[in-house]
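Below is one structure; the comments refer to it alone.
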Amino acid sequence: MTAITYELLHIDKNSGARRGIVHTPHGDIETPVFMPVGTLATVKAMSPEELKEDVKAQIILSNTYHLYLRPGHELIKEAGGLHKFMNWDKPILTDCGGFQVFSLSALRKITEEGVEFTSHLDGSKHLFTPEKVIEIEEALGADIIMSFDECCEYPSEYEYTKKSMERTTRWAERCKKAHTTENQGLFGIIQGGFYEDLRKQSVEDLKKLDFPGYAIGGISVGEPKEEFLKILRYTTPLMPENKPRYLMGVGSPDYLIEAALSGIDMCDCVLPTRLARHGTALTSKGKLVIRNAEFERDWKNLDEECDCYTCKNYTRAYLRHLIKTNEILGMRLLSLHNLRFLTKLMERVRIEIENDNLLNFRKEFYEKYGYDKII
RNA sequence: GGGUAGGUGGUCGAGUGGUUAAUGGCACCAGACUGUAAAUCUGGCCGUGAGAGCGUACGUUGGUUCGAAUCCAACCCUACCCA
């Protein structure tokens with residue numbers, strides 16, 4: 001009995017999109033799902049109650065690297081694990097620090113053994129090996145844990161990408177060997193940059209390791225949308241059908257719909273919460289930079305189609321005022337709305353898959369949102 | 001009435017003879033943001049012009065000088081102290 005299993009409910013006859021359930025020790029996840037990111041054991045500006053009751057989040061992410069540095073995984077283990085520590089009793093997924101290999105590229109050095117980081121906090125040196133990452137993730141106690149990978153930047157040369165991908169596979173094997181807990185599911189991460197043959201090789205090699213779920217890493221790193229879609233549409237169908245498929249780091253509405261269409265079950269992203277803190281709202285009619293002067297006397301709510309607490313109670317003018325004055329409530333209300341916008345979008349996506357109608361929904365959504373073309 | 005300090009672009013505040021349309025901060029106006037070093041970052045911010053440029057500008061008026069926000073004089077105003 002593995003900790004994580006996937007139940008396929010329906011496949012959209014017209015697109016191949018999947019409607020399913022991921023079973024975890026902390027409950028079921030209806031998929032496709034959007035997962036809010038809570039790097040430091042908190043989805044910035046949101047309480048767990050708000051995430052459950054208002055956002056209707058089913059699962060959230062946390063980060064191995066950041067929690068290892070502060071407050072330390074041992075402390076969280078002592079607290080009884082991440083769920084208890086942060087008062088979240090639903091599923092959690094911990095990212096492995098692979099993205100930090102990418103985003104902290106100036107502060108790290110990669111070898112076969114692992115990655116040596118210079119802490120961005122105090123300059124201290126830390127070695128992350130696959131074994132160390134698993135030790136940390138087991139201490140944190142998330143339901144789904146990710147194997148240690150390297151997320152390559154875009155663009156990267158073929159030879160480097162190949163070596164990096166093969167090393168990521170070796171690291172995945174070491175992660176699997178190091179993994180001991182039975183109540184956590186370890187996912188493998190597919191790499192290979194923007195080269196189809198490398199993606200194919202990565203999937204095939206990782207499949208042999210028989211992980212309970214697989215993720216696509218290393219895309220949505222600054223490439224054009226065409227490149228993103230090319231790799232997404234090429235790679236997803238190669239992934240096992242009886243296991244969850246997770247696309248890492250994707251969160252704009254169009255990317256989420258494209259991911260679902262290609263057969264992805266899970267996505268996560270910091271975008272909605274970051275945009276919110278920076279004063280931008282996602283709506284059914286496109287992005288609103290609510291900080292801008294045009295909303296000074298706009299007495300409408302953010303999105304007439306939204307059912308969130310923010311939209312039920314507050315005007316654009318008030319939200320603009322809060323953001324302009326740097327009030328905490330402004331970031332909170334926008335974060336709540338943006339997260340709810342995406343979870344509601346995915347609720348709709350799930351219904352459209354059940355009705356074999358996701359392709360039509362995409363067209364309708366794009367037109368209203370203001371995306372100019374379907375690629 | 002006397003004394004002292006001071007009046008700079010929306011604001012606070014640098015700048016004490018030329019390279020100054022004038023450092024910075026804030027405010028304001030935009031843009032970016034996709035497994036969070038992010039309540040962050042980037043750009044704009046006198047007028048006009050696509051631009052080189054041109055015009056106007058450091059309380060007011062006058063003066064010194066090749067050249068003044070910067071030096072001199074008078075005046076106006078502000079703050080504090082004394083009467």
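Scheme for the structure tokens: letters A, B, ... for chains in order shown; per-chain residue numbers from 1; ligand numbers from 1 in order shown.
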
May I have the residues within 12 Å of A69 of chain B as number ranges by chain, using only C-alpha atoms (C1' of nucleotides) and disregarding those fewer than 4 positions away in the same chain?
B: 7-9, 15-17, 20-22, 57-59

Inset, instruction - Among the residues of segment 43-290 of chain A, find those DSSP assigns to alpha helix (DSSP H) from the backbone and print them as number ranges by chain. - result: A: 48-50, 64-69, 73-78, 82-86, 98-103, 130-140, 158-178, 196-208, 225-235, 253-262, 271-277

Could you list, as number ranges by chain, every residue of chain B that has an atom within 9 Å of an atom of chain A, counting only C-alpha atoms (C1' of nucleotides)? B: 29-30, 33-40

Same residues, C-alpha atoms (C1' of nucleotides), saved as a short mmCIF file (atom, residue, chain, number, x, y, z; two decimals), in the first residue's frame:
```cif
data_model
loop_
_atom_site.label_atom_id
_atom_site.label_comp_id
_atom_site.auth_asym_id
_atom_site.auth_seq_id
_atom_site.Cartn_x
_atom_site.Cartn_y
_atom_site.Cartn_z
"C1'" C B 29 2.44 57.58 -13.07
"C1'" A B 30 3.44 53.12 -15.61
"C1'" C B 33 6.32 39.08 -11.84
"C1'" U B 34 4.85 31.52 -13.12
"C1'" G B 35 8.28 24.40 -8.10
"C1'" U B 36 8.82 32.69 -3.52
"C1'" A B 37 16.40 35.73 -1.59
"C1'" A B 38 9.92 39.16 -3.98
"C1'" A B 39 4.57 43.78 0.85
"C1'" U B 40 9.89 43.03 -4.62
#
```

- Query: Mind checking DSSP for segment 15-208 of chain A and telling me the strand (DSSP E or B) residues as a PyMOL selection string?
  - Reply: chain A and resi 18-24+27-31+33-37+60-63+92-95+108-110+115-118+125-128+144-146+185-190

Next on the checklist: I'd like the neighbourhood of Trp299 of chain A as an NGL selection string, where a residue qualifies if any of its atoms comes within 12 Å (using only C-alpha atoms (C1' of nucleotides)), though same-chain residues fewer than 4 positions away should be ignored.
Outcome noted: :A and (294-295 or 303-304 or 311 or 313-321)

Please produce a file of the residues just selected, as a CSV table (one decimal), in the first residue's frame, where the atoms kept are N, CA and C atoms.
```csv
chain,number,residue,atom,x,y,z
A,294,GLU,N,-6.6,54.3,-12.8
A,294,GLU,CA,-8.0,54.1,-13.4
A,294,GLU,C,-9.0,53.5,-12.4
A,295,PHE,N,-8.5,52.9,-11.3
A,295,PHE,CA,-9.5,52.3,-10.4
A,295,PHE,C,-9.8,53.2,-9.1
A,303,ASP,N,-14.4,41.1,-9.6
A,303,ASP,CA,-14.9,40.2,-10.7
A,303,ASP,C,-16.3,39.8,-10.3
A,304,GLU,N,-17.2,40.2,-11.2
A,304,GLU,CA,-18.7,39.9,-11.0
A,304,GLU,C,-19.0,38.4,-10.9
A,311,CYS,N,-14.6,39.7,-3.1
A,311,CYS,CA,-15.6,40.2,-4.1
A,311,CYS,C,-17.0,40.5,-3.5
A,313,ASN,N,-17.6,41.8,-0.7
A,313,ASN,CA,-17.6,42.9,0.3
A,313,ASN,C,-16.9,44.1,0.0
A,314,TYR,N,-16.0,44.1,-1.0
A,314,TYR,CA,-15.1,45.3,-1.2
A,314,TYR,C,-15.1,45.8,-2.7
A,315,THR,N,-14.9,47.1,-2.8
A,315,THR,CA,-14.8,47.7,-4.1
A,315,THR,C,-13.4,47.8,-4.6
A,316,ARG,N,-13.2,47.9,-5.9
A,316,ARG,CA,-11.9,48.1,-6.5
A,316,ARG,C,-11.3,49.4,-5.9
A,317,ALA,N,-12.1,50.4,-5.7
A,317,ALA,CA,-11.5,51.7,-5.2
A,317,ALA,C,-10.9,51.5,-3.8
A,318,TYR,N,-11.6,50.7,-3.0
A,318,TYR,CA,-11.1,50.5,-1.6
A,318,TYR,C,-9.9,49.6,-1.7
A,319,LEU,N,-9.9,48.6,-2.5
A,319,LEU,CA,-8.7,47.7,-2.6
A,319,LEU,C,-7.5,48.5,-3.2
A,320,ARG,N,-7.8,49.4,-4.1
A,320,ARG,CA,-6.7,50.3,-4.6
A,320,ARG,C,-6.1,51.1,-3.5
A,321,HIS,N,-7.0,51.7,-2.7
A,321,HIS,CA,-6.6,52.5,-1.6
A,321,HIS,C,-5.7,51.7,-0.6
```

Contact residues around segment 67-84 of chain A with only C-alpha atoms (C1' of nucleotides) at 8 Å, ignoring same-chain residues under 6 positions, as an mmCIF file with N, CA and C atoms, in the first residue's frame:
```cif
data_model
loop_
_atom_site.group_PDB
_atom_site.id
_atom_site.type_symbol
_atom_site.label_atom_id
_atom_site.label_comp_id
_atom_site.auth_asym_id
_atom_site.auth_seq_id
_atom_site.Cartn_x
_atom_site.Cartn_y
_atom_site.Cartn_z
ATOM 1 N N THR A 39 5.747 28.613 0.882
ATOM 2 C CA THR A 39 7.168 28.294 1.011
ATOM 3 C C THR A 39 7.625 28.101 2.454
ATOM 4 N N LEU A 40 7.351 29.078 3.281
ATOM 5 C CA LEU A 40 7.856 29.079 4.658
ATOM 6 C C LEU A 40 6.784 28.617 5.637
ATOM 7 N N ALA A 41 6.095 27.529 5.265
ATOM 8 C CA ALA A 41 5.035 26.983 6.119
ATOM 9 C C ALA A 41 3.936 28.007 6.352
ATOM 10 N N LYS A 90 -4.885 19.226 5.932
ATOM 11 C CA LYS A 90 -5.086 18.665 4.598
ATOM 12 C C LYS A 90 -3.719 18.302 3.989
ATOM 13 N N ILE A 92 -0.184 18.136 2.137
ATOM 14 C CA ILE A 92 0.925 19.061 1.886
ATOM 15 C C ILE A 92 1.906 18.371 0.949
ATOM 16 N N SER A 119 24.037 30.188 1.978
ATOM 17 C CA SER A 119 22.757 30.695 2.474
ATOM 18 C C SER A 119 22.569 32.163 2.112
ATOM 19 N N ILE A 136 15.401 15.672 5.244
ATOM 20 C CA ILE A 136 14.656 16.881 5.611
ATOM 21 C C ILE A 136 13.166 16.712 5.318
ATOM 22 N N GLU A 137 12.864 16.188 4.143
ATOM 23 C CA GLU A 137 11.456 16.050 3.764
ATOM 24 C C GLU A 137 10.725 15.039 4.654
ATOM 25 N N ALA A 139 11.474 14.578 7.783
ATOM 26 C CA ALA A 139 11.278 15.287 9.048
ATOM 27 C C ALA A 139 10.097 16.252 8.951
ATOM 28 N N LEU A 140 9.945 16.880 7.799
ATOM 29 C CA LEU A 140 8.834 17.823 7.617
ATOM 30 C C LEU A 140 7.500 17.076 7.582
ATOM 31 N N GLY A 141 7.499 15.911 6.941
ATOM 32 C CA GLY A 141 6.324 15.051 7.016
ATOM 33 C C GLY A 141 5.201 15.343 6.044
ATOM 34 N N ALA A 142 5.504 15.950 4.916
ATOM 35 C CA ALA A 142 4.463 16.209 3.916
ATOM 36 C C ALA A 142 3.955 14.899 3.316
#
```

Identify, on the basis of only C-alpha atoms (C1' of nucleotides), every residue whose closest approach to segment 73-77 of chain B does not exceed 12 Å; exclude the query and any residue fewer than 6 positions from it along the same chain; express the result as a list in words.
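Non-adjacent residues within range: G6, G7, G59, U60, U61, G62, G63 and U64 of chain B.
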
Note to self: Measuring between only C-alpha atoms, which one of A:Glu354, A:Asp54, A:Glu113, A:Glu364 shows the shortest distance to Cys308 of chain A?
What the structure shows: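 Closest candidate: A:Asp54.
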
Atom CA of Glu49 of chain A to atom CA of Thr24 of chain A measures 20.1 Å
